[in-house]
>>> print(open('my_file_12.txt').read())   # compact mmCIF, C-alpha atoms
# COMPACT_ATOMS: atom_id res chain seq x y z
CA MET A 21 -71.42 -33.73 -19.04
CA ALA A 22 -70.25 -32.51 -22.43
CA ASN A 23 -68.22 -34.72 -24.74
CA TYR A 24 -65.02 -32.87 -25.54
CA ALA A 25 -63.50 -35.57 -27.78
CA GLY A 26 -62.10 -34.17 -31.00
CA THR A 27 -59.88 -31.43 -32.34
CA TRP A 28 -60.48 -27.89 -31.10
CA GLN A 29 -58.94 -24.81 -32.75
CA ILE A 30 -58.41 -21.74 -30.57
CA ASP A 31 -60.37 -18.75 -31.85
CA PRO A 32 -57.97 -15.79 -31.41
CA VAL A 33 -60.76 -13.24 -31.85
CA HIS A 34 -62.51 -14.52 -28.73
CA SER A 35 -59.44 -15.55 -26.71
CA THR A 36 -56.67 -13.89 -24.72
CA VAL A 37 -53.11 -15.04 -24.04
CA GLY A 38 -51.74 -12.74 -21.39
CA PHE A 39 -49.50 -12.22 -18.40
CA GLN A 40 -49.25 -10.16 -15.25
CA VAL A 41 -46.12 -8.96 -13.51
CA LYS A 42 -45.45 -6.74 -10.49
CA HIS A 43 -44.01 -3.35 -11.53
CA LEU A 44 -41.95 -1.24 -9.10
CA GLY A 45 -42.96 -3.66 -6.35
CA ILE A 46 -46.31 -1.91 -5.94
CA ALA A 47 -48.68 -2.54 -8.86
CA ASN A 48 -49.50 -5.25 -11.36
CA VAL A 49 -49.05 -4.62 -15.07
CA ARG A 50 -50.89 -6.83 -17.53
CA GLY A 51 -50.00 -7.56 -21.10
CA GLU A 52 -51.22 -9.69 -23.97
CA PHE A 53 -49.96 -11.17 -27.18
CA ARG A 54 -52.15 -10.13 -30.12
CA ASP A 55 -51.08 -12.93 -32.51
CA PHE A 56 -51.30 -16.54 -31.32
CA GLU A 57 -52.64 -19.95 -32.27
CA GLY A 58 -53.41 -23.23 -30.57
CA VAL A 59 -54.99 -26.65 -30.93
CA LEU A 60 -56.45 -29.09 -28.39
CA GLU A 61 -56.70 -32.78 -29.31
CA LEU A 62 -58.96 -34.52 -26.81
CA ASP A 63 -60.15 -38.09 -26.38
CA GLU A 64 -63.37 -39.47 -24.85
CA ASN A 65 -61.89 -39.22 -21.33
CA GLY A 66 -61.05 -35.51 -21.62
CA THR A 67 -57.33 -36.22 -21.84
CA GLY A 68 -55.12 -35.40 -24.78
CA THR A 69 -52.66 -32.78 -25.99
CA VAL A 70 -52.46 -29.02 -26.21
CA LYS A 71 -50.15 -27.06 -28.51
CA GLY A 72 -49.87 -23.32 -28.82
CA ALA A 73 -47.60 -20.55 -30.01
CA VAL A 74 -47.49 -16.77 -29.74
CA ASN A 75 -45.76 -14.19 -31.89
CA VAL A 76 -43.50 -12.33 -29.42
CA ALA A 77 -43.42 -9.15 -31.52
CA THR A 78 -47.16 -8.69 -30.83
CA VAL A 79 -46.71 -8.10 -27.09
CA ASP A 80 -49.06 -5.32 -25.96
CA THR A 81 -49.06 -3.71 -22.51
CA ARG A 82 -50.84 -0.53 -23.70
CA ASN A 83 -47.55 1.40 -23.58
CA ASP A 84 -45.47 1.57 -26.78
CA ALA A 85 -42.17 2.37 -25.05
CA ARG A 86 -42.59 -0.53 -22.63
CA ASP A 87 -43.59 -2.88 -25.46
CA GLN A 88 -40.44 -1.93 -27.40
CA HIS A 89 -38.36 -2.60 -24.27
CA LEU A 90 -40.03 -6.01 -23.86
CA ARG A 91 -39.09 -6.89 -27.47
CA SER A 92 -35.44 -5.94 -26.80
CA ALA A 93 -32.51 -8.06 -25.59
CA ASP A 94 -33.36 -7.09 -21.98
CA PHE A 95 -36.46 -9.30 -22.18
CA PHE A 96 -37.83 -11.38 -25.06
CA GLU A 97 -35.18 -10.56 -27.69
CA ALA A 98 -37.97 -10.89 -30.27
CA GLU A 99 -35.79 -10.75 -33.40
CA THR A 100 -33.73 -13.74 -32.25
CA TYR A 101 -36.57 -15.62 -30.49
CA PRO A 102 -39.76 -14.65 -32.38
CA GLU A 103 -42.01 -17.32 -30.86
CA ILE A 104 -43.12 -18.58 -27.47
CA SER A 105 -44.43 -22.14 -27.66
CA PHE A 106 -46.15 -24.65 -25.43
CA THR A 107 -46.58 -28.40 -25.98
CA SER A 108 -48.38 -30.41 -23.33
CA THR A 109 -46.95 -33.57 -21.84
CA ASP A 110 -49.94 -34.33 -19.60
CA LEU A 111 -53.57 -33.20 -19.63
CA GLY A 112 -56.26 -34.62 -17.43
CA GLY A 113 -59.50 -33.99 -15.68
CA LEU A 114 -61.20 -31.87 -18.34
CA GLY A 115 -64.46 -33.76 -17.93
CA ASN A 116 -65.00 -32.65 -14.31
CA GLY A 117 -64.82 -28.92 -15.08
CA GLU A 118 -61.33 -28.41 -13.65
CA PHE A 119 -58.07 -29.55 -15.13
CA ALA A 120 -54.30 -29.32 -15.00
CA VAL A 121 -52.11 -29.27 -18.06
CA THR A 122 -48.35 -29.78 -17.78
CA GLY A 123 -46.07 -29.18 -20.69
CA ASP A 124 -42.91 -27.73 -22.15
CA LEU A 125 -42.92 -23.93 -22.37
CA THR A 126 -40.24 -22.36 -24.57
CA ILE A 127 -39.43 -18.68 -24.07
CA HIS A 128 -36.25 -16.90 -25.16
CA GLY A 129 -34.83 -20.18 -26.51
CA VAL A 130 -35.16 -21.94 -23.14
CA THR A 131 -37.59 -24.81 -22.52
CA ARG A 132 -38.89 -25.56 -19.03
CA PRO A 133 -41.81 -27.60 -17.70
CA VAL A 134 -44.80 -25.63 -16.45
CA THR A 135 -48.18 -26.62 -15.05
CA LEU A 136 -51.29 -24.58 -15.68
CA LYS A 137 -54.43 -25.02 -13.62
CA GLY A 138 -57.70 -24.31 -15.30
CA GLU A 139 -61.40 -24.72 -15.59
CA VAL A 140 -64.03 -25.18 -18.22
CA GLU A 141 -65.92 -21.90 -18.43
CA GLY A 142 -68.70 -23.18 -20.65
CA HIS A 143 -69.76 -25.27 -23.61
CA GLU A 144 -72.09 -24.41 -26.49
CA GLU A 145 -73.17 -26.90 -29.13
CA SER A 146 -74.57 -24.36 -31.58
CA GLY A 147 -72.61 -21.12 -31.43
CA MET A 148 -73.00 -17.98 -33.51
CA GLU A 149 -72.11 -19.76 -36.75
CA GLY A 150 -73.62 -23.09 -35.69
CA GLU A 151 -70.26 -24.33 -34.46
CA GLU A 152 -69.53 -26.19 -31.23
CA ARG A 153 -67.40 -24.18 -28.79
CA VAL A 154 -65.79 -24.66 -25.42
CA GLY A 155 -64.47 -21.91 -23.14
CA LEU A 156 -61.43 -22.56 -20.97
CA SER A 157 -59.37 -20.48 -18.59
CA ALA A 158 -55.94 -21.37 -17.22
CA THR A 159 -53.35 -19.75 -14.98
CA GLY A 160 -49.81 -20.51 -13.94
CA LYS A 161 -46.63 -18.90 -12.67
CA ILE A 162 -43.12 -18.84 -14.05
CA SER A 163 -39.81 -17.23 -13.17
CA ARG A 164 -38.32 -14.92 -15.81
CA LYS A 165 -34.83 -16.01 -14.75
CA ASP A 166 -35.67 -19.66 -15.49
CA PHE A 167 -36.01 -18.57 -19.12
CA ASP A 168 -32.79 -16.53 -19.14
CA ILE A 169 -34.64 -13.20 -19.02
CA LYS A 170 -32.43 -11.45 -16.52
CA PHE A 171 -33.36 -7.75 -16.59
CA ASP A 172 -33.02 -6.99 -12.89
CA ALA A 173 -32.99 -3.23 -12.28
CA ALA A 174 -33.71 -2.20 -8.71
CA LEU A 175 -34.95 1.04 -7.19
CA GLY A 176 -33.41 2.86 -4.22
CA SER A 177 -36.09 1.28 -2.02
CA GLY A 178 -34.86 -2.19 -2.99
CA ASN A 179 -38.00 -2.92 -5.03
CA LYS A 180 -37.42 -4.41 -8.45
CA VAL A 181 -38.58 -2.49 -11.52
CA VAL A 182 -40.05 -5.80 -12.74
CA SER A 183 -40.58 -8.81 -10.51
CA ASP A 184 -39.10 -12.18 -11.40
CA GLU A 185 -42.45 -13.96 -11.01
CA VAL A 186 -44.81 -13.75 -13.97
CA LYS A 187 -48.41 -14.94 -13.85
CA LEU A 188 -49.72 -16.53 -17.03
CA LEU A 189 -53.37 -15.79 -17.82
CA LEU A 190 -55.24 -17.58 -20.59
CA ASP A 191 -58.89 -17.25 -21.57
CA VAL A 192 -59.70 -19.40 -24.57
CA SER A 193 -62.67 -19.99 -26.81
CA ALA A 194 -62.06 -23.05 -28.98
CA VAL A 195 -64.08 -24.26 -31.95
CA LYS A 196 -64.54 -27.98 -32.63
CA GLN A 197 -63.24 -28.98 -36.05
CA ALA A 198 -65.19 -31.24 -38.39
>>> encode(input="my_file_12.txt", output="structure tokens")
Amino acid sequence: MANYAGTWQIDPVHSTVGFQVKHLGIANVRGEFRDFEGVLELDENGTGTVKGAVNVATVDTRNDARDQHLRSADFFEAETYPEISFTSTDLGGLGNGEFAVTGDLTIHGVTRPVTLKGEVEGHEESGMEGEERVGLSATGKISRKDFDIKFDAALGSGNKVVSDEVKLLLDVSAVKQA
């Protein structure tokens, strides 16, 4: 089993912070944030803390009009709330390949607890630049309304334009710091 003790910096070039939401009640739309950062501080037992932040203005769903709408007051209100942040309150089980991390997620000026379930995807002691890396993936679900994001347009069929439930999707490559 790998020793994960230490400070790990998320490598944004090899990581993804994304989401998935049901659109029109029939298909999933995925998006990502292009600018983000994060740090994992782990002890010998694989427990510790996780902190991360994303720049809301960098939301990218591969559709410029939709991205502009997501930055507006209907959704993220990016000018007023430019950052989404996460600070863990509990992290455990990293050593066994699966883990859960619970923490405070702040979106749109509202902070709520959220739990992400994840797994260790791999570990490399001598990466491309000789650095030690760990790969992690994590998923979770949140309600947009819990974060005061209330855009709620409906179609004639009764389907919502955008569902309330949002899936969080993280794939992270982190580099151990000296």
>>> closest_residue(input="my_file_12.txt", among="A:Gln88, A:Gln197, A:Ser108, A:Thr100", to="Tyr24 (chain A)", atoms="only C-alpha atoms")
A:Gln197
>>> closest_residue(input="my_file_12.txt", among="A:Lys196, A:Ala98, A:Ile30, A:Gly72", to="Gly150 (chain A)", atoms="all atoms listed in the file")
A:Lys196
>>> residues_around(input="my_file_12.txt", residues="region 60-68 of chain A", least_positions_apart="3", cutoff="9 Å", atoms="all atoms listed in the file", output="number ranges by chain")
A: 23-30, 71-72, 108-116, 194
>>> closest_atom_pairs(input="my_file_12.txt", of="region 33-82 of chain A", to="region 154-160 of chain A", cutoff="10 Å", atoms="all atoms listed in the file", output="tab-separated table")
residue	atom	partner	partner_atom	distance
A:His34	CA	A:Gly155	CA	9.5
A:Ser35	CA	A:Gly155	CA	8.9
A:Thr36	CA	A:Ser157	CA	9.4
A:Val37	CA	A:Ala158	CA	9.7
A:Gly38	CA	A:Thr159	CA	9.6
A:Phe39	CA	A:Thr159	CA	9.1
>>> closest_residue(input="my_file_12.txt", among="A:Phe106, A:Glu141, A:Val74, A:Arg86", to="His43 (chain A)", atoms="all atoms listed in the file")
A:Arg86
>>> build_atoms(input="my_file_12.txt", residues="region 68-81 of chain A", atoms="N, CA and C atoms", output="short mmCIF file (atom, residue, chain, number, x, y, z; two decimals), keeping the file's coordinate frame")
data_model
loop_
_atom_site.label_atom_id
_atom_site.label_comp_id
_atom_site.auth_asym_id
_atom_site.auth_seq_id
_atom_site.Cartn_x
_atom_site.Cartn_y
_atom_site.Cartn_z
N GLY A 68 -55.62 -35.60 -23.44
CA GLY A 68 -55.12 -35.40 -24.78
C GLY A 68 -53.92 -34.48 -24.79
N THR A 69 -53.81 -33.67 -25.84
CA THR A 69 -52.66 -32.78 -25.99
C THR A 69 -53.11 -31.36 -26.30
N VAL A 70 -52.25 -30.44 -25.94
CA VAL A 70 -52.46 -29.02 -26.21
C VAL A 70 -51.18 -28.49 -26.82
N LYS A 71 -51.30 -27.73 -27.91
CA LYS A 71 -50.15 -27.06 -28.51
C LYS A 71 -50.53 -25.63 -28.80
N GLY A 72 -49.60 -24.73 -28.55
CA GLY A 72 -49.87 -23.32 -28.82
C GLY A 72 -48.59 -22.56 -29.06
N ALA A 73 -48.75 -21.41 -29.74
CA ALA A 73 -47.60 -20.55 -30.01
C ALA A 73 -48.07 -19.10 -30.07
N VAL A 74 -47.21 -18.20 -29.63
CA VAL A 74 -47.49 -16.77 -29.74
C VAL A 74 -46.36 -16.08 -30.49
N ASN A 75 -46.72 -15.03 -31.20
CA ASN A 75 -45.76 -14.19 -31.89
C ASN A 75 -45.29 -13.13 -30.90
N VAL A 76 -44.04 -13.21 -30.46
CA VAL A 76 -43.50 -12.33 -29.42
C VAL A 76 -43.59 -10.86 -29.81
N ALA A 77 -43.41 -10.54 -31.08
CA ALA A 77 -43.42 -9.15 -31.52
C ALA A 77 -44.77 -8.47 -31.30
N THR A 78 -45.83 -9.26 -31.02
CA THR A 78 -47.16 -8.69 -30.83
C THR A 78 -47.48 -8.41 -29.37
N VAL A 79 -46.48 -8.40 -28.50
CA VAL A 79 -46.71 -8.10 -27.09
C VAL A 79 -47.32 -6.70 -26.98
N ASP A 80 -48.33 -6.58 -26.10
CA ASP A 80 -49.06 -5.32 -25.96
C ASP A 80 -49.39 -5.11 -24.49
N THR A 81 -48.77 -4.08 -23.90
CA THR A 81 -49.06 -3.71 -22.51
C THR A 81 -49.73 -2.34 -22.44
#
